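Colleague: Take a look at the following structure, please.
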Amino acid sequence: MNKKVYSISTIGDSLTEGGGRGTIIGSKFSMPNMYQFWTYNWLMSKGILCEIRNHGSSGQVTSEICARFDEAIPADFIVIMGGTNDAGRFSDATPDIEKKIAEDIIVWYKKVIPEVIDAQIAKGWADPIILVNSVPPISSLETMSKYMHKTILHINGRLEEFVANCGIPKVYFCDVHKAMRGDDLYMRPGLYIPDGMHFSIAGNKACGECVAGKIYEIIVRRER
C-alpha cells in the first residue's frame with residue numbers, strides 16, 4: 001500500500017461519539033469503547049496509515065447530524081451513521097410511520113451529501129468518499145421500543161437503495177447492521193450494554209472493523 005495518511009471523519013449520534021466527541025484517533029490512542037479505535041487499528045494492521053476524527057454527538061436525530069455535516073470536512077473519507085434516535089423516538093407514534101421516518105432521512109442525505117462534497121472542493125480538496133452506514137441493530141430486550149426494530153430494518157432497506165441509485169460518485173453503503181446482527185436480525189448478545197442499544201467493547205469492535213473493512217476495500221479497489 002502507499003504511504004498516504006488518510007483523513008477519516010466520523011459523524012453521527014452517541015454510537016459514533018462513544019464518550020469521545022472531538023477526539024482524534026491516531027498513534028498510541030487507546031479508547032476501546034469507541035468504534036473508531038477499532039477502525040484505526042484494523043486499518044493500520046493492513047498497512048493503511050490514517051487519522052480518524054470523531055464528530056459524534058449524543059442524542060441527535062439524522063436531521064441534527066446532517067445540519068452540522070460540514071464539521072466533517074476536509075477529509076478523504078466521511079463516515080455517517082444516524083437513524084437510531086429517529087427510530088427510537090418516533091417508531092411507536094403511529095402504524096407504518098417507519099416509511100415516513102426512512103423517507104425523511106433519505107431527503108436529508110440527498111440534500112447534504114452533494115452540499116458537503118461541493119463545500120470540500122471549494123476548500124481546494126478532492127471530493128471526499130462518503131460511507132453511509134446502515135442503522136445498527138438493537139437487542140431483543142423487552143425494554144426496547146415496540147416497533148423500533150421494524151423501523152430500523154425499513155430504514156436500512158431504503159438507505160441501501162438510496163446509495164445504489166443516488167448517482168453521486170464516491171458514495172458507498174456500509175452495512176454495520178449485517179456485521180452485528182444474529183440470525184433473528186437483532187444485535188448479537190455480548191455486543192450491547194444493558195440498555196440494549198449502545199455498544200459494548202465487543203460491539204464497538206464489530207462495528208469498527210466493519211467500517212474499516214469497507215474503507216480498505218475501497219482503497220484497494222481504487223489503487224488497482
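By order in the C-alpha cells, chains are A, B, ...; within a chain, residues start at 1; ligands start at 1, following the order shown.
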Check which residues of segment 99-125 of chain A sit at most 10 Å from segment 45-69 of chain A using only C-alpha atoms, and return one row each with the closest pair of atoms and their distance in Å to one decimal, ordered by chain and rising number, as CSV.

Modeller:
```
residue,atom,partner,partner_atom,distance
A:Ile101,CA,A:Thr62,CA,9.8
A:Asp104,CA,A:Ser63,CA,8.4
A:Ile105,CA,A:Thr62,CA,6.3
A:Ile106,CA,A:Thr62,CA,9.5
A:Val107,CA,A:Ser63,CA,9.4
A:Trp108,CA,A:Ser63,CA,6.5
A:Tyr109,CA,A:Cys66,CA,7.4
A:Lys111,CA,A:Cys66,CA,8.9
A:Val112,CA,A:Cys66,CA,6.4
A:Ile113,CA,A:Phe69,CA,8.4
A:Glu115,CA,A:Phe69,CA,9.1
A:Val116,CA,A:Phe69,CA,6.9
```

Colleague: Using C-alpha atoms, can you write the selected residues to a file as an mmCIF file, in the first residue's frame?

Modeller:
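Generated output (selection33.cif):
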```cif
data_model
loop_
_atom_site.group_PDB
_atom_site.id
_atom_site.type_symbol
_atom_site.label_atom_id
_atom_site.label_comp_id
_atom_site.auth_asym_id
_atom_site.auth_seq_id
_atom_site.Cartn_x
_atom_site.Cartn_y
_atom_site.Cartn_z
ATOM 1 C CA ILE A 101 -39.015 8.179 9.077
ATOM 2 C CA ASP A 104 -37.175 11.932 5.902
ATOM 3 C CA ILE A 105 -33.689 10.512 6.399
ATOM 4 C CA ILE A 106 -33.253 9.991 2.651
ATOM 5 C CA VAL A 107 -34.369 13.571 1.958
ATOM 6 C CA TRP A 108 -31.675 14.867 4.313
ATOM 7 C CA TYR A 109 -28.963 12.679 2.791
ATOM 8 C CA LYS A 111 -29.594 17.353 0.311
ATOM 9 C CA VAL A 112 -26.433 17.403 2.403
ATOM 10 C CA ILE A 113 -24.174 14.877 0.692
ATOM 11 C CA GLU A 115 -23.521 20.105 -0.432
ATOM 12 C CA VAL A 116 -20.653 18.781 1.671
#
```

Colleague: Please return, as a PyMOL selection string, all residues of segment 97-139 of chain A that DSSP assigns to alpha helix (DSSP H) on the basis of the backbone.

Modeller: chain A and resi 98-122

Colleague: Between atom CA of Thr143 of chain A and atom CA of Asp86 of chain A, what is the distance in Å, rounded to a tenth?

Modeller: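 Taking atom CA of Thr143 of chain A as the start and atom CA of Asp86 of chain A as the end point, the length is 17.2 Å.
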
Colleague: Residues near Met44 of chain A, anyone? I mean within 12 Å using only C-alpha atoms, not counting same-chain ones fewer than 3 positions away, as a PyMOL selection string.

Modeller: chain A and resi 1+3-6+25-28+37-41+47-52+209+212-213+215-216

Colleague: Produce a file of the selected residues containing N, CA and C atoms, as a PDB file, in the first residue's frame.

Modeller:
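So result_33.pdb came out as:
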```
ATOM      1  N   MET A   1       0.837  -1.193   0.000  1.00  0.00           N
ATOM      2  CA  MET A   1       0.000   0.000   0.000  1.00  0.00           C
ATOM      3  C   MET A   1       0.877   1.251   0.000  1.00  0.00           C
ATOM      4  N   LYS A   3       1.968   5.216   1.067  1.00  0.00           N
ATOM      5  CA  LYS A   3       2.239   5.800   2.382  1.00  0.00           C
ATOM      6  C   LYS A   3       1.372   7.017   2.667  1.00  0.00           C
ATOM      7  N   LYS A   4       0.334   7.213   1.890  1.00  0.00           N
ATOM      8  CA  LYS A   4      -0.596   8.304   2.157  1.00  0.00           C
ATOM      9  C   LYS A   4      -1.235   8.110   3.534  1.00  0.00           C
ATOM     10  N   VAL A   5      -1.396   9.210   4.264  1.00  0.00           N
ATOM     11  CA  VAL A   5      -2.124   9.169   5.530  1.00  0.00           C
ATOM     12  C   VAL A   5      -3.552   9.628   5.244  1.00  0.00           C
ATOM     13  N   TYR A   6      -4.502   8.723   5.374  1.00  0.00           N
ATOM     14  CA  TYR A   6      -5.893   9.029   5.056  1.00  0.00           C
ATOM     15  C   TYR A   6      -6.564   9.737   6.232  1.00  0.00           C
ATOM     16  N   ILE A  25      -8.199  10.072  16.693  1.00  0.00           N
ATOM     17  CA  ILE A  25      -7.665   8.731  16.915  1.00  0.00           C
ATOM     18  C   ILE A  25      -6.440   8.556  16.033  1.00  0.00           C
ATOM     19  N   GLY A  26      -5.319   8.382  16.687  1.00  0.00           N
ATOM     20  CA  GLY A  26      -4.058   8.206  15.981  1.00  0.00           C
ATOM     21  C   GLY A  26      -3.138   7.309  16.786  1.00  0.00           C
ATOM     22  N   SER A  27      -1.868   7.440  16.570  1.00  0.00           N
ATOM     23  CA  SER A  27      -0.873   6.583  17.207  1.00  0.00           C
ATOM     24  C   SER A  27      -0.971   6.617  18.735  1.00  0.00           C
ATOM     25  N   LYS A  28      -0.952   5.450  19.358  1.00  0.00           N
ATOM     26  CA  LYS A  28      -0.947   5.244  20.805  1.00  0.00           C
ATOM     27  C   LYS A  28      -2.251   5.667  21.485  1.00  0.00           C
ATOM     28  N   PHE A  37     -11.658   3.486  17.363  1.00  0.00           N
ATOM     29  CA  PHE A  37     -10.421   2.880  17.864  1.00  0.00           C
ATOM     30  C   PHE A  37     -10.138   1.584  17.110  1.00  0.00           C
ATOM     31  N   TRP A  38     -11.188   0.786  16.912  1.00  0.00           N
ATOM     32  CA  TRP A  38     -11.043  -0.496  16.228  1.00  0.00           C
ATOM     33  C   TRP A  38     -10.868  -0.297  14.728  1.00  0.00           C
ATOM     34  N   THR A  39     -11.509   0.704  14.178  1.00  0.00           N
ATOM     35  CA  THR A  39     -11.314   1.028  12.761  1.00  0.00           C
ATOM     36  C   THR A  39      -9.854   1.392  12.506  1.00  0.00           C
ATOM     37  N   TYR A  40      -9.330   2.262  13.346  1.00  0.00           N
ATOM     38  CA  TYR A  40      -7.945   2.716  13.204  1.00  0.00           C
ATOM     39  C   TYR A  40      -6.970   1.535  13.275  1.00  0.00           C
ATOM     40  N   ASN A  41      -7.105   0.721  14.293  1.00  0.00           N
ATOM     41  CA  ASN A  41      -6.144  -0.372  14.486  1.00  0.00           C
ATOM     42  C   ASN A  41      -6.245  -1.434  13.392  1.00  0.00           C
ATOM     43  N   GLY A  47      -1.689  -1.939   6.882  1.00  0.00           N
ATOM     44  CA  GLY A  47      -0.753  -1.022   6.240  1.00  0.00           C
ATOM     45  C   GLY A  47      -1.380   0.261   5.744  1.00  0.00           C
ATOM     46  N   ILE A  48      -2.615   0.554   6.168  1.00  0.00           N
ATOM     47  CA  ILE A  48      -3.282   1.791   5.789  1.00  0.00           C
ATOM     48  C   ILE A  48      -3.044   2.834   6.876  1.00  0.00           C
ATOM     49  N   LEU A  49      -2.264   3.849   6.584  1.00  0.00           N
ATOM     50  CA  LEU A  49      -1.996   4.911   7.539  1.00  0.00           C
ATOM     51  C   LEU A  49      -3.191   5.860   7.570  1.00  0.00           C
ATOM     52  N   CYS A  50      -3.616   6.241   8.754  1.00  0.00           N
ATOM     53  CA  CYS A  50      -4.820   7.077   8.837  1.00  0.00           C
ATOM     54  C   CYS A  50      -4.859   7.861  10.143  1.00  0.00           C
ATOM     55  N   GLU A  51      -5.744   8.829  10.152  1.00  0.00           N
ATOM     56  CA  GLU A  51      -6.099   9.588  11.350  1.00  0.00           C
ATOM     57  C   GLU A  51      -7.615   9.752  11.314  1.00  0.00           C
ATOM     58  N   ILE A  52      -8.269   9.478  12.434  1.00  0.00           N
ATOM     59  CA  ILE A  52      -9.726   9.485  12.465  1.00  0.00           C
ATOM     60  C   ILE A  52     -10.220  10.537  13.456  1.00  0.00           C
ATOM     61  N   GLU A 209     -14.592  -2.602  12.939  1.00  0.00           N
ATOM     62  CA  GLU A 209     -13.884  -3.419  11.960  1.00  0.00           C
ATOM     63  C   GLU A 209     -14.686  -3.568  10.674  1.00  0.00           C
ATOM     64  N   ALA A 212     -13.877  -0.370   8.907  1.00  0.00           N
ATOM     65  CA  ALA A 212     -12.503  -0.468   8.410  1.00  0.00           C
ATOM     66  C   ALA A 212     -12.423  -1.345   7.171  1.00  0.00           C
ATOM     67  N   GLY A 213     -13.141  -2.462   7.187  1.00  0.00           N
ATOM     68  CA  GLY A 213     -13.116  -3.370   6.053  1.00  0.00           C
ATOM     69  C   GLY A 213     -13.634  -2.715   4.783  1.00  0.00           C
ATOM     70  N   ILE A 215     -13.641   0.601   4.141  1.00  0.00           N
ATOM     71  CA  ILE A 215     -12.647   1.597   3.721  1.00  0.00           C
ATOM     72  C   ILE A 215     -11.485   0.915   3.004  1.00  0.00           C
ATOM     73  N   TYR A 216     -11.017  -0.180   3.568  1.00  0.00           N
ATOM     74  CA  TYR A 216      -9.907  -0.927   2.961  1.00  0.00           C
ATOM     75  C   TYR A 216     -10.278  -1.407   1.562  1.00  0.00           C
TER      76      TYR A 216
END
```

Colleague: What are the DSSP strand (DSSP E or B) residues of segment 6-152 of chain A, as a ChimeraX atom specification?

Modeller: /A:6-12,24-25,49-56,77-81,129-133

Colleague: Counting only C-alpha atoms, what are the residues of segment 91-163 of chain A within 12 Å of segment 183-190 of chain A, and for each of them which pair of atoms is the nearest and at what distance in Å, to one decimal? Sort the table by chain and rising number, as a Markdown table.

Modeller:
```
| residue | atom | partner | partner_atom | distance |
| --- | --- | --- | --- | --- |
| A:Val135 | CA | A:Met187 | CA | 11.3 |
| A:Pro136 | CA | A:Met187 | CA | 7.9 |
| A:Pro137 | CA | A:Met187 | CA | 5.0 |
| A:Ile138 | CA | A:Met187 | CA | 5.1 |
| A:Ser139 | CA | A:Met187 | CA | 4.9 |
| A:Ser140 | CA | A:Tyr186 | CA | 6.0 |
| A:Leu141 | CA | A:Tyr186 | CA | 9.5 |
| A:Met144 | CA | A:Tyr186 | CA | 11.4 |
| A:Met148 | CA | A:Tyr186 | CA | 10.9 |
| A:His149 | CA | A:Tyr186 | CA | 7.6 |
| A:Lys150 | CA | A:Leu185 | CA | 10.0 |
| A:Ile152 | CA | A:Tyr186 | CA | 10.3 |
| A:Leu153 | CA | A:Leu185 | CA | 8.7 |
```

Colleague: Okay, now the selection with all heavy atoms, as a compact mmCIF listing (two decimals), in the first residue's frame?

Modeller:
```
# COMPACT_ATOMS: atom_id res chain seq x y z
N VAL A 135 -28.26 1.65 9.87
CA VAL A 135 -28.53 1.84 11.30
C VAL A 135 -28.19 0.53 12.01
O VAL A 135 -28.66 -0.53 11.60
CB VAL A 135 -30.00 2.20 11.54
CG1 VAL A 135 -30.25 2.48 13.01
CG2 VAL A 135 -30.43 3.38 10.68
N PRO A 136 -27.37 0.57 13.05
CA PRO A 136 -27.01 -0.67 13.73
C PRO A 136 -28.24 -1.36 14.34
O PRO A 136 -29.26 -0.71 14.62
CB PRO A 136 -26.05 -0.20 14.84
CG PRO A 136 -25.52 1.10 14.36
CD PRO A 136 -26.65 1.73 13.60
N PRO A 137 -28.17 -2.66 14.56
CA PRO A 137 -29.30 -3.36 15.18
C PRO A 137 -29.43 -3.00 16.65
O PRO A 137 -28.51 -2.45 17.26
CB PRO A 137 -28.93 -4.83 15.02
CG PRO A 137 -27.43 -4.85 14.98
CD PRO A 137 -27.04 -3.56 14.28
N ILE A 138 -30.59 -3.31 17.21
CA ILE A 138 -30.81 -3.21 18.65
C ILE A 138 -31.00 -4.61 19.20
O ILE A 138 -31.15 -5.57 18.44
CB ILE A 138 -32.03 -2.33 18.98
CG1 ILE A 138 -33.29 -2.88 18.28
CG2 ILE A 138 -31.77 -0.87 18.59
CD1 ILE A 138 -34.59 -2.23 18.74
N SER A 139 -31.01 -4.72 20.51
CA SER A 139 -31.24 -6.02 21.14
C SER A 139 -32.72 -6.37 21.10
O SER A 139 -33.58 -5.53 20.77
CB SER A 139 -30.76 -5.98 22.59
OG SER A 139 -31.69 -5.23 23.38
N SER A 140 -33.03 -7.59 21.47
CA SER A 140 -34.42 -8.04 21.54
C SER A 140 -35.00 -7.91 22.95
O SER A 140 -36.04 -8.50 23.25
CB SER A 140 -34.54 -9.50 21.07
OG SER A 140 -33.72 -10.35 21.86
N LEU A 141 -34.34 -7.12 23.80
CA LEU A 141 -34.83 -6.93 25.17
C LEU A 141 -36.24 -6.33 25.16
O LEU A 141 -36.57 -5.49 24.33
CB LEU A 141 -33.89 -6.02 25.94
CG LEU A 141 -32.45 -6.52 26.18
CD1 LEU A 141 -31.63 -5.45 26.90
CD2 LEU A 141 -32.45 -7.82 26.96
N MET A 144 -36.99 -2.47 24.98
CA MET A 144 -36.80 -1.65 23.77
C MET A 144 -38.14 -1.19 23.22
O MET A 144 -39.19 -1.82 23.45
CB MET A 144 -36.04 -2.45 22.70
CG MET A 144 -34.67 -2.95 23.13
SD MET A 144 -33.59 -1.63 23.74
CE MET A 144 -33.42 -0.62 22.29
N MET A 148 -39.33 -0.33 17.12
CA MET A 148 -38.03 0.22 16.72
C MET A 148 -37.28 -0.72 15.78
O MET A 148 -36.69 -0.30 14.78
CB MET A 148 -37.19 0.52 17.96
CG MET A 148 -35.90 1.27 17.68
SD MET A 148 -35.11 1.73 19.25
CE MET A 148 -33.62 2.53 18.65
N HIS A 149 -37.31 -2.01 16.08
CA HIS A 149 -36.61 -3.00 15.26
C HIS A 149 -37.16 -2.98 13.83
O HIS A 149 -36.40 -2.94 12.85
CB HIS A 149 -36.78 -4.38 15.88
CG HIS A 149 -36.28 -5.52 15.06
ND1 HIS A 149 -34.94 -5.70 14.78
CD2 HIS A 149 -36.93 -6.55 14.45
CE1 HIS A 149 -34.78 -6.79 14.04
NE2 HIS A 149 -35.98 -7.31 13.82
N LYS A 150 -38.47 -3.00 13.70
CA LYS A 150 -39.12 -2.95 12.38
C LYS A 150 -38.73 -1.70 11.62
O LYS A 150 -38.45 -1.74 10.41
CB LYS A 150 -40.63 -3.01 12.56
CG LYS A 150 -41.43 -2.87 11.28
CD LYS A 150 -42.93 -2.79 11.60
CE LYS A 150 -43.76 -2.51 10.36
NZ LYS A 150 -45.19 -2.30 10.68
N ILE A 152 -35.99 0.17 12.00
CA ILE A 152 -34.58 0.12 11.60
C ILE A 152 -34.41 -0.73 10.34
O ILE A 152 -33.68 -0.34 9.41
CB ILE A 152 -33.71 -0.42 12.75
CG1 ILE A 152 -33.60 0.64 13.86
CG2 ILE A 152 -32.32 -0.82 12.26
CD1 ILE A 152 -32.92 0.15 15.12
N LEU A 153 -35.07 -1.87 10.28
CA LEU A 153 -34.96 -2.71 9.08
C LEU A 153 -35.47 -1.98 7.84
O LEU A 153 -34.88 -2.08 6.76
CB LEU A 153 -35.74 -4.01 9.29
CG LEU A 153 -35.21 -4.96 10.36
CD1 LEU A 153 -36.10 -6.19 10.48
CD2 LEU A 153 -33.77 -5.37 10.08
```

Colleague: Residues within 9 Å of His154 of chain A, please, as a compact mmCIF listing (two decimals) with N, CA and C atoms, in the first residue's frame. Count only C-alpha atoms; anything in the same chain fewer than 5 positions from it doesn't count.

Modeller:
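Result written to around-v8.txt:
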```txt
# COMPACT_ATOMS: atom_id res chain seq x y z
N GLU A 98 -42.68 4.03 10.01
CA GLU A 98 -41.30 3.76 9.59
C GLU A 98 -41.06 4.24 8.16
N LYS A 99 -42.11 4.27 7.33
CA LYS A 99 -41.95 4.74 5.95
C LYS A 99 -41.62 6.22 5.91
N ALA A 102 -38.01 6.83 7.33
CA ALA A 102 -36.99 6.49 6.34
C ALA A 102 -36.91 7.55 5.24
N HIS A 149 -37.31 -2.01 16.08
CA HIS A 149 -36.61 -3.00 15.26
C HIS A 149 -37.16 -2.98 13.83
N LEU A 159 -31.98 2.97 2.78
CA LEU A 159 -30.63 3.54 2.68
C LEU A 159 -29.81 2.81 1.62
```

Colleague: For the atom pair atom CA of Val176 of chain A and atom CA of Met81 of chain A, what is the interatomic distance in Å to one decimal place?

Modeller: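 Between atom CA of Val176 of chain A and atom CA of Met81 of chain A the gap works out to 9.4 Å.
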
Colleague: Mind checking which residues fall within 9 Å of Ile121 of chain A, counting only C-alpha atoms, ignoring those fewer than 6 positions away in the same chain, and posting them as a list in words?

Modeller: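 Everything that qualifies: Pro74, Asp127 and Pro128 of chain A.
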
Colleague: For Lys110 of chain A, which residue among A:Gly167, A:Ala179, A:Asp13, A:Arg222 is the nearest when counting only C-alpha atoms?

Modeller: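 Of A:Gly167, A:Ala179, A:Asp13, A:Arg222, the one nearest Lys110 of chain A is A:Gly167, counting only C-alpha atoms.
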